[in-house]
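Structure data follow from structure.txt (compact mmCIF, C-alpha atoms):
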# COMPACT_ATOMS: atom_id res chain seq x y z
CA GLN Q 1 0.00 0.00 0.00
CA LEU Q 2 1.40 3.37 -1.02
CA GLN Q 3 1.22 5.98 1.70
CA LEU Q 4 2.62 9.35 2.59
CA LEU Q 5 2.95 10.48 6.18
CA GLU Q 6 3.59 14.03 7.31
CA SER Q 7 5.21 14.87 10.61
CA GLY Q 8 6.76 17.81 12.41
CA GLY Q 9 3.76 20.07 12.81
CA GLY Q 10 2.87 21.77 16.04
CA LEU Q 11 2.51 25.07 17.83
CA VAL Q 12 5.17 27.69 17.20
CA GLN Q 13 5.47 31.34 18.13
CA PRO Q 14 5.51 34.05 15.49
CA GLY Q 15 8.99 34.40 14.07
CA GLY Q 16 9.79 30.78 14.82
CA SER Q 17 10.73 27.88 12.58
CA LEU Q 18 9.51 24.38 11.89
CA THR Q 19 10.66 21.55 9.68
CA LEU Q 20 8.01 19.25 8.26
CA SER Q 21 8.82 15.81 6.96
CA CYS Q 22 7.03 13.68 4.41
CA THR Q 23 7.88 10.00 4.56
CA GLY Q 24 6.91 7.48 1.95
CA SER Q 25 5.74 3.97 2.66
CA GLY Q 26 5.48 1.37 -0.04
CA PHE Q 27 7.34 3.39 -2.65
CA ASP Q 28 10.67 5.13 -3.12
CA LEU Q 29 10.21 8.90 -3.07
CA ASP Q 30 13.44 9.36 -5.02
CA TYR Q 31 11.50 8.37 -8.14
CA TRP Q 32 8.53 10.66 -7.52
CA ALA Q 33 8.01 14.40 -7.70
CA ILE Q 34 6.66 15.52 -4.33
CA GLY Q 35 4.91 18.70 -3.32
CA TRP Q 36 3.87 20.47 -0.16
CA PHE Q 37 0.46 22.08 0.12
CA ARG Q 38 -1.49 23.76 2.86
CA GLN Q 39 -5.07 24.57 3.64
CA ALA Q 40 -6.27 27.03 6.22
CA PRO Q 41 -9.86 26.97 7.54
CA GLY Q 42 -12.24 28.48 5.05
CA ARG Q 43 -9.57 28.90 2.39
CA PRO Q 44 -8.68 26.90 -0.71
CA ARG Q 45 -5.71 24.59 -0.72
CA GLU Q 46 -2.44 26.24 -1.81
CA MET Q 47 0.62 24.72 -3.37
CA ILE Q 48 3.77 25.79 -1.53
CA SER Q 49 6.72 24.02 -3.12
CA CYS Q 50 7.54 20.93 -5.12
CA ILE Q 51 10.63 18.92 -5.88
CA SER Q 52 11.32 16.71 -8.85
CA ARG Q 53 12.45 13.13 -8.65
CA ARG Q 54 15.96 13.05 -7.30
CA SER Q 55 17.67 12.45 -10.64
CA ASP Q 56 16.30 15.72 -12.11
CA GLY Q 57 17.26 17.96 -9.20
CA ILE Q 58 14.58 20.63 -9.71
CA THR Q 59 12.68 22.57 -7.08
CA HIS Q 60 9.88 25.05 -7.54
CA SER Q 61 8.22 27.34 -5.04
CA THR Q 62 5.19 29.56 -5.31
CA ASP Q 63 4.72 32.93 -3.69
CA VAL Q 64 2.95 31.31 -0.76
CA GLY Q 65 6.14 30.90 1.21
CA GLN Q 66 7.56 34.29 0.13
CA GLY Q 67 11.05 32.88 0.23
CA ARG Q 68 10.71 31.63 3.81
CA PHE Q 69 10.08 27.97 2.97
CA THR Q 70 12.58 25.52 1.48
CA ILE Q 71 11.83 22.08 0.12
CA SER Q 72 14.51 19.43 -0.05
CA ARG Q 73 15.18 15.73 0.00
CA GLY Q 74 15.63 14.84 3.65
CA THR Q 75 18.73 13.25 5.13
CA ALA Q 76 16.54 10.46 6.46
CA LYS Q 77 15.75 7.76 3.97
CA ASN Q 78 12.71 8.26 1.80
CA THR Q 79 11.74 11.70 3.09
CA VAL Q 80 11.09 15.13 1.67
CA THR Q 81 11.26 18.04 4.07
CA LEU Q 82 9.84 21.54 4.15
CA GLN Q 83 11.84 23.96 6.24
CA MET Q 84 9.77 26.93 7.31
CA GLY Q 85 11.14 30.09 8.87
CA SER Q 86 9.92 33.49 10.03
CA LEU Q 87 6.49 32.02 10.60
CA VAL Q 88 3.50 34.30 11.00
CA PRO Q 89 -0.03 33.58 12.20
CA GLU Q 90 -1.22 33.53 8.61
CA ASP Q 91 0.85 30.38 8.09
CA THR Q 92 -1.52 28.50 10.39
CA ALA Q 93 -2.96 25.64 8.34
CA VAL Q 94 -2.95 21.92 7.79
CA TYR Q 95 0.08 21.04 5.71
CA TYR Q 96 -0.01 18.15 3.28
CA CYS Q 97 2.52 16.39 1.12
CA ALA Q 98 1.53 14.67 -2.07
CA THR Q 99 2.90 13.18 -5.22
CA VAL Q 100 2.72 15.79 -7.97
CA ASP Q 101 2.74 16.13 -11.71
CA MET Q 102 5.61 18.54 -12.39
CA ARG Q 103 5.70 20.25 -15.74
CA ARG Q 104 8.13 22.72 -17.23
CA THR Q 105 7.47 24.88 -20.28
CA LEU Q 106 9.35 27.81 -21.76
CA LYS Q 107 6.23 29.93 -21.70
CA TYR Q 108 4.88 29.16 -18.26
CA GLY Q 109 7.91 27.90 -16.38
CA THR Q 110 7.54 25.16 -13.80
CA SER Q 111 4.23 24.08 -12.32
CA CYS Q 112 3.13 21.28 -10.05
CA ARG Q 113 -0.29 19.77 -9.67
CA GLY Q 114 -1.38 17.41 -6.93
CA GLY Q 115 -1.25 13.78 -7.92
CA ASP Q 116 -2.75 10.53 -6.79
CA TYR Q 117 -1.24 10.12 -3.34
CA TRP Q 118 -1.73 12.43 -0.38
CA GLY Q 119 -0.84 12.31 3.25
CA GLN Q 120 -3.30 12.93 6.06
CA GLY Q 121 -1.81 16.30 6.89
CA THR Q 122 -0.08 17.84 9.88
CA GLN Q 123 -1.37 20.87 11.74
CA VAL Q 124 0.84 23.94 12.03
CA THR Q 125 -0.34 26.66 14.39
CA VAL Q 126 1.53 29.94 14.66
CA SER Q 127 0.46 31.80 17.74
CA SER Q 128 1.83 33.56 20.75
Just give me the structure as structure tokens.
Amino acid sequence: QLQLLESGGGLVQPGGSLTLSCTGSGFDLDYWAIGWFRQAPGRPREMISCISRRSDGITHSTDVGQGRFTISRGTAKNTVTLQMGSLVPEDTAVYYCATVDMRRTLKYGTSCRGGDYWGQGTQVTVSS
């Protein structure tokens, strides 16, 4: 059974940092493009960042993180991490990882769309 599991969420004060991890079970994440998304109450889901399969070495981030979030292949086996810094209350949301369809075009650049496999999400709350 193919599964993704997020971890690392929690309560953090404004200005703080968190690192989220996405761990794959049943498949090797090195061969999959993976993305991080978030959804706050009452708001649509947003794509934050995505990373290509390891052999392609491509990352893409949207304006959601405003340069504060970094996606990477984790040092732990079969993980993709999202490092988040300078957190603000508006970053409060459930954060999800998912397999993604990553596409690159000359006209539109890089884009990632959520794929077939999603984790259950991890809650991040930024509050004093």
field: Selection: 10 Å around range 9-17 of chain Q, only C-alpha atoms, excl. self and same-chain fewer than 4 positions, as a PyMOL selection string
entry: chain Q and resi 21+68-69+83-95+121-128
Restricting to all atoms listed in the file, whichever of Q:Gly8, Q:Gly114, Q:Gly119, Q:Gly109 is closest to Leu82 in chain Q is Q:Gly8
Suppose you want the space between CA of Arg73 in chain Q and CA of Gln39 in chain Q; what is it in Å?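 Separation of CA of Arg73 in chain Q and CA of Gln39 in chain Q: 22.4 Å.
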Across Q:Thr110, Q:Ser7, Q:Ser49, Q:Thr105, the smallest distance to Ile71 in chain Q, with all atoms listed in the file counted, is shown by Q:Ser49
Check your understanding: Which protein, DNA or RNA residues are at most 6 Å from (6.8, 16.0, -11.2) in the file's coordinates when you count all atoms listed in the file, listed as a PyMOL selection string?
Key -> chain Q and resi 33+52+100-102
Saved selection, atoms kept: C-alpha atoms, as a tab-separated table (two decimals), keeping the file's coordinate frame:
chain	number	residue	atom	x	y	z
Q	33	ALA	CA	8.01	14.40	-7.70
Q	52	SER	CA	11.32	16.71	-8.85
Q	100	VAL	CA	2.72	15.79	-7.97
Q	101	ASP	CA	2.74	16.13	-11.71
Q	102	MET	CA	5.61	18.54	-12.39
From CA of Val80 in chain Q to CA of Cys22 in chain Q the spacing works out at 5.1 Å
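Neighbours of range 59-61 of chain Q closer than or equal to 6 Å, with all atoms listed in the file counted and sequence neighbours fewer than 2 positions away skipped, come out as Q:Ile48, Q:Ser49, Q:Cys50, Q:Ile51.
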*CA of Gly26 in chain Q to CA of Asn78 in chain Q, distance in Å rounded to a single decimal*: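 Interatomic distance, CA of Gly26 in chain Q to CA of Asn78 in chain Q: 10.2 Å.
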Please determine the residues with any atom at most 7 Å from (2.4, 17.4, 0.1) (coordinates as given in the file, with only C-alpha atoms counting) and report them as an mmCIF file with C-alpha atoms, keeping the file's coordinate frame.
data_model
loop_
_atom_site.group_PDB
_atom_site.id
_atom_site.type_symbol
_atom_site.label_atom_id
_atom_site.label_comp_id
_atom_site.auth_asym_id
_atom_site.auth_seq_id
_atom_site.Cartn_x
_atom_site.Cartn_y
_atom_site.Cartn_z
ATOM 1 C CA ILE Q 34 6.660 15.520 -4.330
ATOM 2 C CA GLY Q 35 4.910 18.700 -3.320
ATOM 3 C CA TRP Q 36 3.870 20.470 -0.160
ATOM 4 C CA PHE Q 37 0.460 22.080 0.120
ATOM 5 C CA TYR Q 96 -0.010 18.150 3.280
ATOM 6 C CA CYS Q 97 2.520 16.390 1.120
ATOM 7 C CA ALA Q 98 1.530 14.670 -2.070
ATOM 8 C CA THR Q 99 2.900 13.180 -5.220
ATOM 9 C CA TRP Q 118 -1.730 12.430 -0.380
ATOM 10 C CA GLY Q 119 -0.840 12.310 3.250
#
task = Can you work out which one of Q:Thr81, Q:Thr70, Q:Ser25, Q:Ser55 has the shortest atom-to-atom distance to Leu2 in chain Q, counting only C-alpha atoms?
result =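 Nearest candidate to Leu2 in chain Q out of Q:Thr81, Q:Thr70, Q:Ser25, Q:Ser55: Q:Ser25.
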Shortest contact to Thr62 in chain Q, candidates Q:Met47, Q:Thr19, Q:Lys77, Q:Gln1, atoms counted only C-alpha atoms, goes to Q:Met47
